file upload.cif (mmCIF, C-alpha atoms)
data_entry
#
loop_
_atom_site.label_atom_id
_atom_site.label_comp_id
_atom_site.auth_asym_id
_atom_site.auth_seq_id
_atom_site.Cartn_x
_atom_site.Cartn_y
_atom_site.Cartn_z
CA MET A 1 110.11 147.58 43.25
CA ILE A 2 108.14 144.35 42.97
CA TRP A 3 110.69 141.54 42.90
CA GLN A 4 108.42 139.10 41.03
CA LEU A 5 108.01 141.61 38.19
CA ASP A 6 111.73 142.35 38.27
CA LEU A 7 112.58 138.64 38.06
CA LEU A 8 110.14 138.11 35.18
CA VAL A 9 111.61 140.99 33.16
CA LEU A 10 115.18 139.89 33.92
CA THR A 11 114.43 136.32 32.78
CA LEU A 12 112.88 137.62 29.57
CA VAL A 13 115.93 139.88 28.98
CA VAL A 14 118.27 136.88 29.28
CA LEU A 15 116.02 134.74 27.05
CA CYS A 16 115.86 137.46 24.39
CA GLY A 17 119.63 137.96 24.53
CA ILE A 18 120.34 134.24 24.11
CA GLY A 19 117.67 133.99 21.43
CA ALA A 20 119.17 136.88 19.45
CA ILE A 21 122.51 135.03 19.36
CA MET A 22 121.14 131.55 18.70
CA VAL A 23 118.53 132.25 16.03
CA ARG A 24 119.64 131.60 12.44
CA ASP A 25 117.32 134.09 10.77
CA LEU A 26 118.92 137.55 10.94
CA LEU A 27 115.54 139.29 10.64
CA GLY A 28 114.35 137.31 13.65
CA ALA A 29 117.53 138.26 15.48
CA ALA A 30 116.82 141.95 14.76
CA ILE A 31 113.29 141.63 16.17
CA LEU A 32 114.57 139.73 19.23
CA PHE A 33 117.12 142.49 19.75
CA SER A 34 114.31 145.02 19.59
CA ALA A 35 112.38 143.04 22.22
CA TYR A 36 115.55 142.90 24.33
CA SER A 37 115.88 146.69 24.12
CA PHE A 38 112.27 147.17 25.10
CA LEU A 39 112.66 144.87 28.13
CA MET A 40 115.83 146.77 29.08
CA CYS A 41 113.77 149.94 28.84
CA LEU A 42 111.29 148.38 31.29
CA LEU A 43 114.18 147.51 33.62
CA TRP A 44 115.54 151.07 33.51
CA SER A 45 112.14 152.49 34.35
CA ILE A 46 111.72 149.94 37.19
CA MET A 47 115.04 151.26 38.58
CA GLY A 48 113.82 154.84 38.24
CA ALA A 49 116.19 155.92 35.46
CA VAL A 50 113.45 157.37 33.28
CA ASP A 51 115.75 159.37 30.99
CA VAL A 52 117.80 156.28 30.15
CA ALA A 53 114.62 154.27 29.64
CA PHE A 54 113.37 156.91 27.21
CA THR A 55 116.64 156.79 25.24
CA GLU A 56 116.60 152.98 25.23
CA ALA A 57 113.02 152.92 23.95
CA SER A 58 113.59 155.44 21.18
CA VAL A 59 117.09 154.44 20.04
CA GLY A 60 117.33 150.75 20.98
CA ALA A 61 113.82 149.50 20.33
CA GLY A 62 112.91 152.06 17.67
CA VAL A 63 115.44 153.37 15.23
CA SER A 64 118.19 150.75 15.52
CA THR A 65 115.69 147.99 14.62
CA VAL A 66 114.87 149.90 11.44
CA PHE A 67 118.61 150.13 10.69
CA PHE A 68 119.05 146.39 11.27
CA ILE A 69 116.12 145.56 9.01
CA ALA A 70 117.44 147.90 6.31
CA ALA A 71 120.85 146.20 6.52
CA VAL A 72 119.29 142.70 6.41
CA PHE A 73 117.13 143.75 3.44
CA HIS A 74 120.21 144.63 1.40
CA THR A 75 122.37 141.67 2.48
CA THR A 76 121.08 138.23 3.43
CA ARG A 77 118.66 136.79 5.94
CA ARG A 78 120.68 133.65 6.66
CA THR A 79 123.84 133.54 8.74
CA LYS A 80 126.74 131.30 7.74
CA ASP A 81 127.40 129.87 11.21
CA MET B 1 137.68 128.23 17.24
CA LYS B 2 134.14 128.55 18.56
CA THR B 3 135.05 126.51 21.65
CA ILE B 4 138.00 128.81 22.43
CA ALA B 5 135.76 131.86 21.98
CA LEU B 6 133.13 130.31 24.27
CA ILE B 7 135.76 129.54 26.95
CA ILE B 8 137.09 133.12 26.78
CA VAL B 9 133.57 134.54 27.02
CA ILE B 10 132.71 132.32 30.01
CA ILE B 11 135.95 133.23 31.84
CA THR B 12 135.50 136.98 31.19
CA GLY B 13 131.84 136.78 32.14
CA SER B 14 132.57 135.00 35.41
CA PHE B 15 135.24 137.60 36.25
CA LEU B 16 132.72 140.39 35.58
CA LEU B 17 130.10 138.62 37.70
CA TYR B 18 132.69 138.20 40.44
CA ALA B 19 133.48 141.93 40.25
CA THR B 20 129.84 142.86 40.81
CA VAL B 21 130.12 141.48 44.36
CA ASP B 22 132.27 144.52 45.24
CA PHE B 23 129.63 146.94 43.97
CA PRO B 24 127.60 148.87 46.52
CA SER B 25 124.05 147.54 46.62
CA TRP B 26 121.43 149.23 44.47
CA GLY B 27 120.41 152.66 45.81
CA ASP B 28 122.80 152.40 48.77
CA PRO B 29 123.03 155.84 50.46
CA GLN B 30 126.51 154.98 51.79
CA SER B 31 128.00 154.32 48.32
CA PRO B 32 130.75 156.78 47.24
CA ALA B 33 128.63 158.25 44.44
CA SER B 34 125.71 158.90 46.80
CA THR B 35 127.77 160.48 49.60
CA HIS B 36 129.58 163.26 47.72
CA VAL B 37 128.50 163.83 44.14
CA SER B 38 124.76 163.18 44.01
CA PRO B 39 123.72 165.28 47.07
CA ARG B 40 125.65 168.25 45.69
CA TYR B 41 123.69 168.12 42.41
CA ILE B 42 120.35 167.29 44.02
CA GLU B 43 120.62 170.14 46.53
CA ARG B 44 122.14 172.87 44.39
CA THR B 45 120.85 172.31 40.82
CA LEU B 46 117.62 174.26 41.19
CA GLU B 47 119.24 177.32 42.73
CA GLU B 48 122.22 177.27 40.35
CA THR B 49 120.51 176.58 37.04
CA SER B 50 116.75 176.87 37.74
CA VAL B 51 116.21 173.51 36.01
CA PRO B 52 113.91 171.14 37.94
CA ASN B 53 115.14 168.01 36.12
CA VAL B 54 118.55 167.26 37.64
CA VAL B 55 119.41 164.77 34.89
CA THR B 56 119.05 167.41 32.19
CA ALA B 57 121.11 169.92 34.17
CA VAL B 58 123.92 167.42 34.75
CA LEU B 59 123.83 166.25 31.15
CA ALA B 60 123.88 169.61 29.41
CA ASP B 61 125.44 171.95 31.98
CA TYR B 62 127.65 170.31 34.61
CA ARG B 63 128.77 167.58 32.23
CA GLY B 64 128.27 169.62 29.06
CA PHE B 65 131.64 168.65 27.68
CA ASP B 66 130.66 164.96 27.72
CA THR B 67 127.45 165.65 25.88
CA LEU B 68 129.27 167.79 23.30
CA PHE B 69 131.45 164.86 22.38
CA GLU B 70 128.54 162.41 22.50
CA THR B 71 126.90 164.58 19.86
CA THR B 72 130.17 164.62 17.92
CA VAL B 73 130.31 160.81 18.10
CA ILE B 74 126.81 160.58 16.62
CA PHE B 75 127.80 163.08 13.92
CA ALA B 76 130.93 161.02 13.19
CA ALA B 77 128.80 157.85 12.95
CA GLY B 78 126.58 159.54 10.37
CA VAL B 79 129.57 160.78 8.37
CA ALA B 80 131.19 157.31 8.53
CA CYS B 81 127.98 155.68 7.23
CA PHE B 82 127.87 158.25 4.44
CA PHE B 83 131.45 157.63 3.33
CA LEU B 84 131.16 153.84 3.59
CA LEU B 85 127.84 153.38 1.83
CA ARG B 86 127.28 156.32 -0.50
CA ALA B 87 127.70 155.27 -4.13
CA PHE B 88 128.42 158.44 -6.04
CA GLY B 89 127.30 158.78 -9.65
CA LYS B 90 124.98 155.74 -9.54
CA GLU B 91 121.80 157.60 -8.67
CA ARG B 92 119.77 156.20 -11.56
CA PRO B 93 119.67 152.49 -12.40
CA ALA B 94 119.85 151.33 -16.01
CA THR B 95 116.09 150.79 -16.21
CA GLY B 96 113.38 152.74 -14.46
CA LEU B 97 109.89 151.45 -13.72
CA TYR B 98 106.98 153.83 -14.11
CA ARG B 99 103.35 153.15 -13.30
CA HIS B 100 100.51 154.87 -15.11
CA LEU B 101 98.28 156.07 -12.32
CA LEU B 102 94.94 155.83 -14.12
CA THR B 103 95.30 152.42 -15.73
CA GLY B 104 97.87 150.77 -13.47
CA VAL B 105 100.04 149.82 -16.45
CA THR B 106 103.73 149.59 -15.63
CA VAL B 107 106.24 150.91 -18.16
CA ARG B 108 109.89 149.96 -18.12
CA ILE B 109 112.14 152.62 -19.60
CA LYS B 110 115.71 151.78 -20.45
CA GLY B 111 118.51 154.29 -20.24
CA SER B 112 119.53 156.39 -17.30
CA ALA B 113 117.48 159.43 -18.29
CA GLY B 114 113.99 158.00 -17.65
CA LEU B 115 110.89 160.12 -17.34
CA PRO B 116 111.00 163.43 -15.50
CA ASP B 117 110.10 163.05 -11.84
CA ASP B 118 107.33 165.65 -11.83
CA MET B 119 105.04 163.98 -14.40
CA GLU B 120 101.39 163.95 -13.38
CA GLU B 121 100.23 160.76 -15.10
CA PHE B 122 103.19 158.55 -14.28
CA GLU B 123 104.62 157.59 -10.95
CA ARG B 124 108.13 156.26 -10.45
CA ILE B 125 107.98 152.92 -8.59
CA ASP B 126 110.57 150.67 -6.96
CA THR B 127 111.76 147.40 -8.48
CA LEU B 128 110.11 145.44 -5.67
CA TRP B 129 106.89 147.37 -5.76
CA THR B 130 103.85 146.30 -3.78
CA PRO B 131 100.50 148.10 -4.05
CA TYR B 132 100.13 150.75 -1.39
CA ASP B 133 98.03 149.77 1.58
CA PRO B 134 95.63 152.69 2.10
CA ILE B 135 95.29 151.93 5.84
CA VAL B 136 99.05 152.09 6.45
CA LYS B 137 99.46 155.11 4.20
CA VAL B 138 96.64 157.21 5.64
CA MET B 139 97.36 156.27 9.25
CA CYS B 140 101.04 157.20 8.89
CA GLN B 141 100.11 160.41 7.12
CA ARG B 142 97.85 161.37 10.06
CA LEU B 143 100.28 160.19 12.73
CA ILE B 144 103.50 161.83 11.51
CA PRO B 145 102.55 165.44 12.47
CA PHE B 146 101.67 164.28 15.99
CA ILE B 147 104.90 162.31 16.31
CA GLN B 148 106.84 165.40 15.27
CA LEU B 149 104.90 167.58 17.69
CA PHE B 150 105.65 165.10 20.47
CA ALA B 151 109.34 165.17 19.51
CA LEU B 152 109.41 168.97 19.74
CA TYR B 153 107.65 168.72 23.11
CA VAL B 154 110.28 166.23 24.33
CA ILE B 155 113.08 168.61 23.30
CA ALA B 156 111.47 171.74 24.70
CA HIS B 157 110.18 170.13 27.90
CA GLY B 158 113.44 168.39 28.78
CA HIS B 159 113.91 170.88 31.63
CA HIS B 160 110.89 169.56 33.50
CA SER B 161 110.30 165.98 32.38
CA PRO B 162 112.39 163.07 31.10
CA GLY B 163 113.66 163.67 27.62
CA GLY B 164 115.82 166.18 25.87
CA GLY B 165 117.76 166.65 22.68
CA PHE B 166 118.78 163.03 22.11
CA GLN B 167 115.37 161.46 22.61
CA GLY B 168 113.49 164.24 20.81
CA GLY B 169 115.95 164.17 17.93
CA VAL B 170 115.60 160.42 17.55
CA ILE B 171 111.79 160.65 17.56
CA LEU B 172 111.92 163.48 15.00
CA GLY B 173 114.24 161.40 12.82
CA ALA B 174 112.00 158.35 13.27
CA SER B 175 108.99 160.31 12.00
CA LEU B 176 110.86 161.09 8.77
CA ILE B 177 111.96 157.45 8.51
CA LEU B 178 108.31 156.43 8.97
CA LEU B 179 107.37 158.69 6.05
CA SER B 180 110.04 157.00 3.96
CA ILE B 181 108.86 153.50 4.90
CA SER B 182 105.11 154.06 4.66
CA HIS B 183 105.07 156.13 1.47
CA ASN B 184 108.12 156.16 -0.73
CA PHE B 185 111.82 156.77 -0.41
CA ARG B 186 111.77 159.56 -2.98
CA ILE B 187 108.87 161.41 -1.32
CA ALA B 188 110.78 161.52 1.95
CA LEU B 189 113.93 162.58 0.10
CA ARG B 190 112.00 165.43 -1.54
CA ARG B 191 110.88 166.62 1.91
CA MET B 192 114.40 166.51 3.26
CA GLY B 193 117.14 166.37 0.66
CA GLU B 194 120.58 164.95 1.13
CA ARG B 195 122.29 168.34 1.09
CA LEU B 196 119.95 169.84 3.70
CA ASP B 197 120.33 166.72 5.79
CA ALA B 198 124.13 166.90 5.81
CA LEU B 199 123.99 170.63 6.55
CA LEU B 200 121.65 170.11 9.53
CA CYS B 201 123.90 167.31 10.75
CA ALA B 202 126.84 169.70 10.99
CA LEU B 203 124.71 172.66 12.10
CA GLY B 204 123.53 170.85 15.23
CA VAL B 205 127.07 170.18 16.41
CA ALA B 206 128.03 173.74 15.40
CA ILE B 207 125.21 175.19 17.54
CA TYR B 208 126.45 173.24 20.56
CA ALA B 209 130.13 174.02 20.07
CA GLY B 210 129.30 177.59 19.05
CA THR B 211 127.39 178.20 22.29
CA GLY B 212 130.42 176.98 24.20
CA ALA B 213 132.75 179.15 22.15
CA LEU B 214 130.46 182.15 22.67
CA CYS B 215 130.78 181.69 26.43
CA LEU B 216 134.54 181.59 25.93
CA LEU B 217 134.43 184.84 23.94
CA LEU B 218 132.38 186.51 26.68
CA GLY B 219 135.11 185.80 29.19
CA ALA B 220 133.78 182.70 30.96
CA ASN B 221 134.75 179.03 30.77
CA PHE B 222 133.83 176.87 27.78
CA LEU B 223 130.11 175.95 28.04
CA ASP B 224 129.58 178.14 31.12
CA TYR B 225 126.18 179.45 30.06
CA SER B 226 125.94 182.07 32.81
CA ALA B 227 128.13 184.23 30.57
CA LEU B 228 125.20 184.49 28.15
CA ALA B 229 123.22 186.57 30.69
CA GLY B 230 124.31 189.82 29.03
CA ILE B 231 123.18 188.71 25.57
CA LEU B 232 119.88 187.14 26.67
CA HIS B 233 119.06 189.99 29.11
CA VAL B 234 118.35 187.65 32.01
CA ASP B 235 120.05 186.89 35.30
CA PRO B 236 122.93 184.35 35.21
CA VAL B 237 120.84 181.53 36.74
CA THR B 238 118.13 181.79 34.07
CA ALA B 239 120.86 182.16 31.46
CA ARG B 240 122.14 178.69 32.38
CA SER B 241 118.62 177.30 31.91
CA HIS B 242 118.35 179.01 28.51
CA GLY B 243 121.83 177.84 27.54
CA ILE B 244 120.75 174.24 28.25
CA LEU B 245 117.74 174.72 25.96
CA ILE B 246 119.96 176.11 23.17
CA VAL B 247 122.37 173.17 23.27
CA GLU B 248 119.47 170.68 23.53
CA ILE B 249 118.07 172.15 20.31
CA GLY B 250 121.51 171.73 18.73
CA VAL B 251 121.68 168.12 19.90
CA GLY B 252 118.16 167.49 18.61
CA ILE B 253 118.97 168.86 15.14
CA ALA B 254 122.22 166.89 14.91
CA VAL B 255 120.65 163.60 16.07
CA MET B 256 117.60 163.97 13.83
CA ALA B 257 119.69 164.69 10.73
CA THR B 258 122.13 161.87 11.53
CA MET B 259 119.35 159.30 11.96
CA VAL B 260 117.85 160.28 8.60
CA LEU B 261 121.32 160.29 6.97
CA ILE B 262 122.15 156.79 8.25
CA TYR B 263 118.72 155.47 7.26
CA ASN B 264 118.87 156.97 3.76
CA ASN B 265 122.30 155.49 3.12
CA LEU B 266 121.36 152.08 4.54
CA ALA B 267 117.92 151.74 2.97
CA SER B 268 118.95 152.79 -0.53
CA ALA B 269 122.35 151.03 -0.32
CA GLY B 270 123.98 154.38 -0.98
CA LYS B 271 122.26 154.96 -4.33
CA PHE B 272 119.54 157.33 -3.04
CA ASP B 273 117.19 155.89 -5.62
CA GLU B 274 114.98 153.19 -4.11
CA GLY B 275 114.21 152.60 -0.47
CA LEU B 276 113.03 149.55 1.41
#

call {"tool": "encode", "arguments": {"input": "upload.cif", "output": "structure tokens"}}
result
Amino acid sequence: MIWQLDLLVLTLVVLCGIGAIMVRDLLGAAILFSAYSFLMCLLWSIMGAVDVAFTEASVGAGVSTVFFIAAVFHTTRRTKD
Amino acid sequence: MKTIALIIVIITGSFLLYATVDFPSWGDPQSPASTHVSPRYIERTLEETSVPNVVTAVLADYRGFDTLFETTVIFAAGVACFFLLRAFGKERPATGLYRHLLTGVTVRIKGSAGLPDDMEEFERIDTLWTPYDPIVKVMCQRLIPFIQLFALYVIAHGHHSPGGGFQGGVILGASLILLSISHNFRIALRRMGERLDALLCALGVAIYAGTGALCLLLGANFLDYSALAGILHVDPVTARSHGILIVEIGVGIAVMATMVLIYNNLASAGKFDEGL
């Protein structure tokens, strides 16, 4: 485990998480959430949990983003708060 | 209100961070999980189930009951999406748009009947129709069979490599969703109809629970696959390996059908008429 790489991925995870909450555009939030999932997938594989990383990549970064986009498409892109 | 919520979140978060101090450090061999449970599985899995991937063996055999209800949760999520979003009896909008393929002229037909779906000259199009991009369309058409083959590999090879029913099922579902996005919602629906989808959704869970019940009927514990040795004509150790494969296939079918069911209901807003 290279700690510099670990620190970089962890920082990006936190940034993506905060960004997904702060951003006003819901489509952008969905994409940031997808990026967050992908970085989590990297973290799992760094820790050696390859099965979890696989699930995170396919469910978190893949299909759930499509679901979010489908939901945003039928509702609204702007949040009220 | 937002300030109170922020204060609560910060307090809870700091408590959680404080609790992590008591955790054993990452990969600590002296931690409780690593002293009793993990060595037992790591040492005995291969001789007890003949599955090289310990994670798969724990997931589908030792902790098979957990996975059964995880599959049921996914099934319940699909059914909940169906009941919340499905708009019965509103399949056809008041006006349908049809495009003449040779000239590119678009015809708007009022009334719910519309043109029959199997007409050669006319093509039913969505309200927000954009011309098809041939690059996207052809690339997806070529890629989808390989994605599905990879999904089947992930399900079937879960014994030896990372993967299994959940991941393979999601990839299989994603390939059908890709067809729906890249081509047309109705083309994907024609490949896999709503009725078939719902049936597969339940069938996957039924395969899993049925395997467990079969073990019960053969005189062993629920989900104790070694009881299947008599039916499969193999020794009990190999029977556990085969039993894992059977339930993984069940999980794969259930997850695939549920992903497609949720997507279809979300993308068409329950009308099953126009997609994204």

call {"tool": "resolve_selection", "arguments": {"input": "upload.cif", "expression": "the PyMOL selection byres ((chain B) within 9 of (chain A))", "output": "VMD selection string"}}
result
chain B and resid 26 55 to 56 161 to 164 166 to 168 170 to 171 173 to 174 177 259 262 to 263 266 to 269 275 to 276

call {"tool": "residues_around", "arguments": {"input": "upload.cif", "residues": "Ala80 (chain B)", "least_positions_apart": "5", "cutoff": "12 Å", "atoms": "all atoms listed in the file", "output": "PDB file with C-alpha atoms, in the coordinates of the input"}}
result
ATOM      1  CA  THR B  72     130.170 164.620  17.920  1.00  0.00           C
ATOM      2  CA  VAL B  73     130.310 160.810  18.100  1.00  0.00           C
ATOM      3  CA  ILE B  74     126.810 160.580  16.620  1.00  0.00           C
ATOM      4  CA  PHE B  75     127.800 163.080  13.920  1.00  0.00           C
ATOM      5  CA  LEU B  85     127.840 153.380   1.830  1.00  0.00           C
ATOM      6  CA  ARG B  86     127.280 156.320  -0.500  1.00  0.00           C
ATOM      7  CA  THR B 258     122.130 161.870  11.530  1.00  0.00           C
ATOM      8  CA  LEU B 261     121.320 160.290   6.970  1.00  0.00           C
ATOM      9  CA  ILE B 262     122.150 156.790   8.250  1.00  0.00           C
ATOM     10  CA  ASN B 265     122.300 155.490   3.120  1.00  0.00           C
ATOM     11  CA  LEU B 266     121.360 152.080   4.540  1.00  0.00           C
TER      12      LEU B 266
END

call {"tool": "residues_around", "arguments": {"input": "upload.cif", "residues": "region 225-234 of chain B", "least_positions_apart": "5", "cutoff": "12 Å", "atoms": "all atoms listed in the file", "output": "PDB file with C-alpha atoms, in the frame of the given file"}}
result
ATOM      1  CA  GLU B  48     122.220 177.270  40.350  1.00  0.00           C
ATOM      2  CA  THR B  49     120.510 176.580  37.040  1.00  0.00           C
ATOM      3  CA  SER B  50     116.750 176.870  37.740  1.00  0.00           C
ATOM      4  CA  ALA B  57     121.110 169.920  34.170  1.00  0.00           C
ATOM      5  CA  ALA B  60     123.880 169.610  29.410  1.00  0.00           C
ATOM      6  CA  ASP B  61     125.440 171.950  31.980  1.00  0.00           C
ATOM      7  CA  TYR B  62     127.650 170.310  34.610  1.00  0.00           C
ATOM      8  CA  GLY B  64     128.270 169.620  29.060  1.00  0.00           C
ATOM      9  CA  TYR B 208     126.450 173.240  20.560  1.00  0.00           C
ATOM     10  CA  GLY B 210     129.300 177.590  19.050  1.00  0.00           C
ATOM     11  CA  THR B 211     127.390 178.200  22.290  1.00  0.00           C
ATOM     12  CA  GLY B 212     130.420 176.980  24.200  1.00  0.00           C
ATOM     13  CA  ALA B 213     132.750 179.150  22.150  1.00  0.00           C
ATOM     14  CA  LEU B 214     130.460 182.150  22.670  1.00  0.00           C
ATOM     15  CA  CYS B 215     130.780 181.690  26.430  1.00  0.00           C
ATOM     16  CA  LEU B 216     134.540 181.590  25.930  1.00  0.00           C
ATOM     17  CA  LEU B 217     134.430 184.840  23.940  1.00  0.00           C
ATOM     18  CA  LEU B 218     132.380 186.510  26.680  1.00  0.00           C
ATOM     19  CA  GLY B 219     135.110 185.800  29.190  1.00  0.00           C
ATOM     20  CA  ALA B 220     133.780 182.700  30.960  1.00  0.00           C
ATOM     21  CA  ALA B 239     120.860 182.160  31.460  1.00  0.00           C
ATOM     22  CA  ARG B 240     122.140 178.690  32.380  1.00  0.00           C
ATOM     23  CA  SER B 241     118.620 177.300  31.910  1.00  0.00           C
ATOM     24  CA  HIS B 242     118.350 179.010  28.510  1.00  0.00           C
ATOM     25  CA  GLY B 243     121.830 177.840  27.540  1.00  0.00           C
ATOM     26  CA  ILE B 244     120.750 174.240  28.250  1.00  0.00           C
ATOM     27  CA  LEU B 245     117.740 174.720  25.960  1.00  0.00           C
ATOM     28  CA  ILE B 246     119.960 176.110  23.170  1.00  0.00           C
ATOM     29  CA  VAL B 247     122.370 173.170  23.270  1.00  0.00           C
TER      30      VAL B 247
END

call {"tool": "atom_distance", "arguments": {"input": "upload.cif", "atom1": "CA of Gly96 (chain B)", "atom2": "CA of Leu128 (chain B)"}}
result
11.9 Å

call {"tool": "atom_distance", "arguments": {"input": "upload.cif", "atom1": "CA of Pro32 (chain B)", "atom2": "CA of His159 (chain B)"}}
result
26.9 Å

call {"tool": "atom_distance", "arguments": {"input": "upload.cif", "atom1": "CA of Gly17 (chain A)", "atom2": "CA of Tyr36 (chain A)"}}
result
6.4 Å

call {"tool": "residues_around", "arguments": {"input": "upload.cif", "residues": "Phe122 (chain B)", "least_positions_apart": "3", "cutoff": "8 Å", "atoms": "all atoms listed in the file", "output": "MDAnalysis selection string"}}
result
chainID B and resid 98:101 119

call {"tool": "resolve_selection", "arguments": {"input": "upload.cif", "expression": "the PyMOL selection byres ((chain A and resi 35) around 10)", "output": "list in words"}}
result
Leu12, Val13, Cys16, Gly17, Ala20, Ala29, Ala30, Ile31, Leu32, Phe33, Ser34, Tyr36, Ser37, Phe38, Leu39, Met40, Cys41, Gly60, Ala61 and Thr65 of chain A

call {"tool": "resolve_selection", "arguments": {"input": "upload.cif", "expression": "the PyMOL selection byres ((chain B and resi 202) around 12)", "output": "JSON, numbers by chain"}}
result
{"B": [71, 72, 73, 74, 75, 76, 78, 79, 195, 196, 197, 198, 199, 200, 201, 203, 204, 205, 206, 207, 208, 209, 210, 250, 251, 252, 253, 254, 255, 256, 257, 258, 261]}

call {"tool": "axis_aligned_box", "arguments": {"input": "upload.cif", "around": "region 67-79 of chain A", "padding_each_side": "3 Å", "output": "JSON"}}
result
{"center_x": 120.0, "center_y": 141.8, "center_z": 6.3, "size_x": 13.7, "size_y": 22.6, "size_z": 15.9}

call {"tool": "residues_around", "arguments": {"input": "upload.cif", "residues": "Leu179 (chain B)", "least_positions_apart": "5", "cutoff": "9 Å", "atoms": "all atoms listed in the file", "output": "list in words"}}
result
Lys137, Cys140, Gln141, Ile144, Ala174, Asn184, Phe185, Ile187 and Ala188 of chain B

call {"tool": "build_atoms", "arguments": {"input": "upload.cif", "residues": "region 7-19 of chain A", "atoms": "N, CA, C and O atoms", "output": "compact mmCIF listing (two decimals), keeping the file's coordinate frame"}}
result
# COMPACT_ATOMS: atom_id res chain seq x y z
N LEU A 7 112.03 139.95 38.45
CA LEU A 7 112.58 138.64 38.06
C LEU A 7 112.05 138.22 36.70
O LEU A 7 112.81 137.74 35.84
N LEU A 8 110.76 138.46 36.47
CA LEU A 8 110.14 138.11 35.18
C LEU A 8 110.82 138.86 34.05
O LEU A 8 111.22 138.26 33.03
N VAL A 9 111.01 140.18 34.22
CA VAL A 9 111.61 140.99 33.16
C VAL A 9 113.06 140.58 32.93
O VAL A 9 113.51 140.44 31.79
N LEU A 10 113.78 140.31 34.04
CA LEU A 10 115.18 139.89 33.92
C LEU A 10 115.30 138.57 33.16
O LEU A 10 116.17 138.42 32.29
N THR A 11 114.41 137.61 33.48
CA THR A 11 114.43 136.32 32.78
C THR A 11 114.18 136.53 31.30
O THR A 11 114.86 135.95 30.45
N LEU A 12 113.20 137.39 30.98
CA LEU A 12 112.88 137.62 29.57
C LEU A 12 114.05 138.30 28.85
O LEU A 12 114.32 138.01 27.69
N VAL A 13 114.77 139.21 29.57
CA VAL A 13 115.93 139.88 28.98
C VAL A 13 116.98 138.84 28.60
O VAL A 13 117.51 138.84 27.47
N VAL A 14 117.26 137.91 29.54
CA VAL A 14 118.27 136.88 29.28
C VAL A 14 117.83 135.98 28.12
O VAL A 14 118.61 135.68 27.21
N LEU A 15 116.53 135.61 28.13
CA LEU A 15 116.02 134.74 27.05
C LEU A 15 116.14 135.43 25.70
O LEU A 15 116.57 134.82 24.71
N CYS A 16 115.78 136.73 25.65
CA CYS A 16 115.86 137.46 24.39
C CYS A 16 117.30 137.59 23.94
O CYS A 16 117.60 137.48 22.74
N GLY A 17 118.22 137.84 24.89
CA GLY A 17 119.63 137.96 24.53
C GLY A 17 120.17 136.67 23.95
O GLY A 17 120.82 136.68 22.90
N ILE A 18 119.87 135.54 24.62
CA ILE A 18 120.34 134.24 24.11
C ILE A 18 119.68 133.94 22.77
O ILE A 18 120.34 133.50 21.82
N GLY A 19 118.39 134.24 22.67
CA GLY A 19 117.67 133.99 21.43
C GLY A 19 118.24 134.77 20.27
O GLY A 19 118.39 134.24 19.16
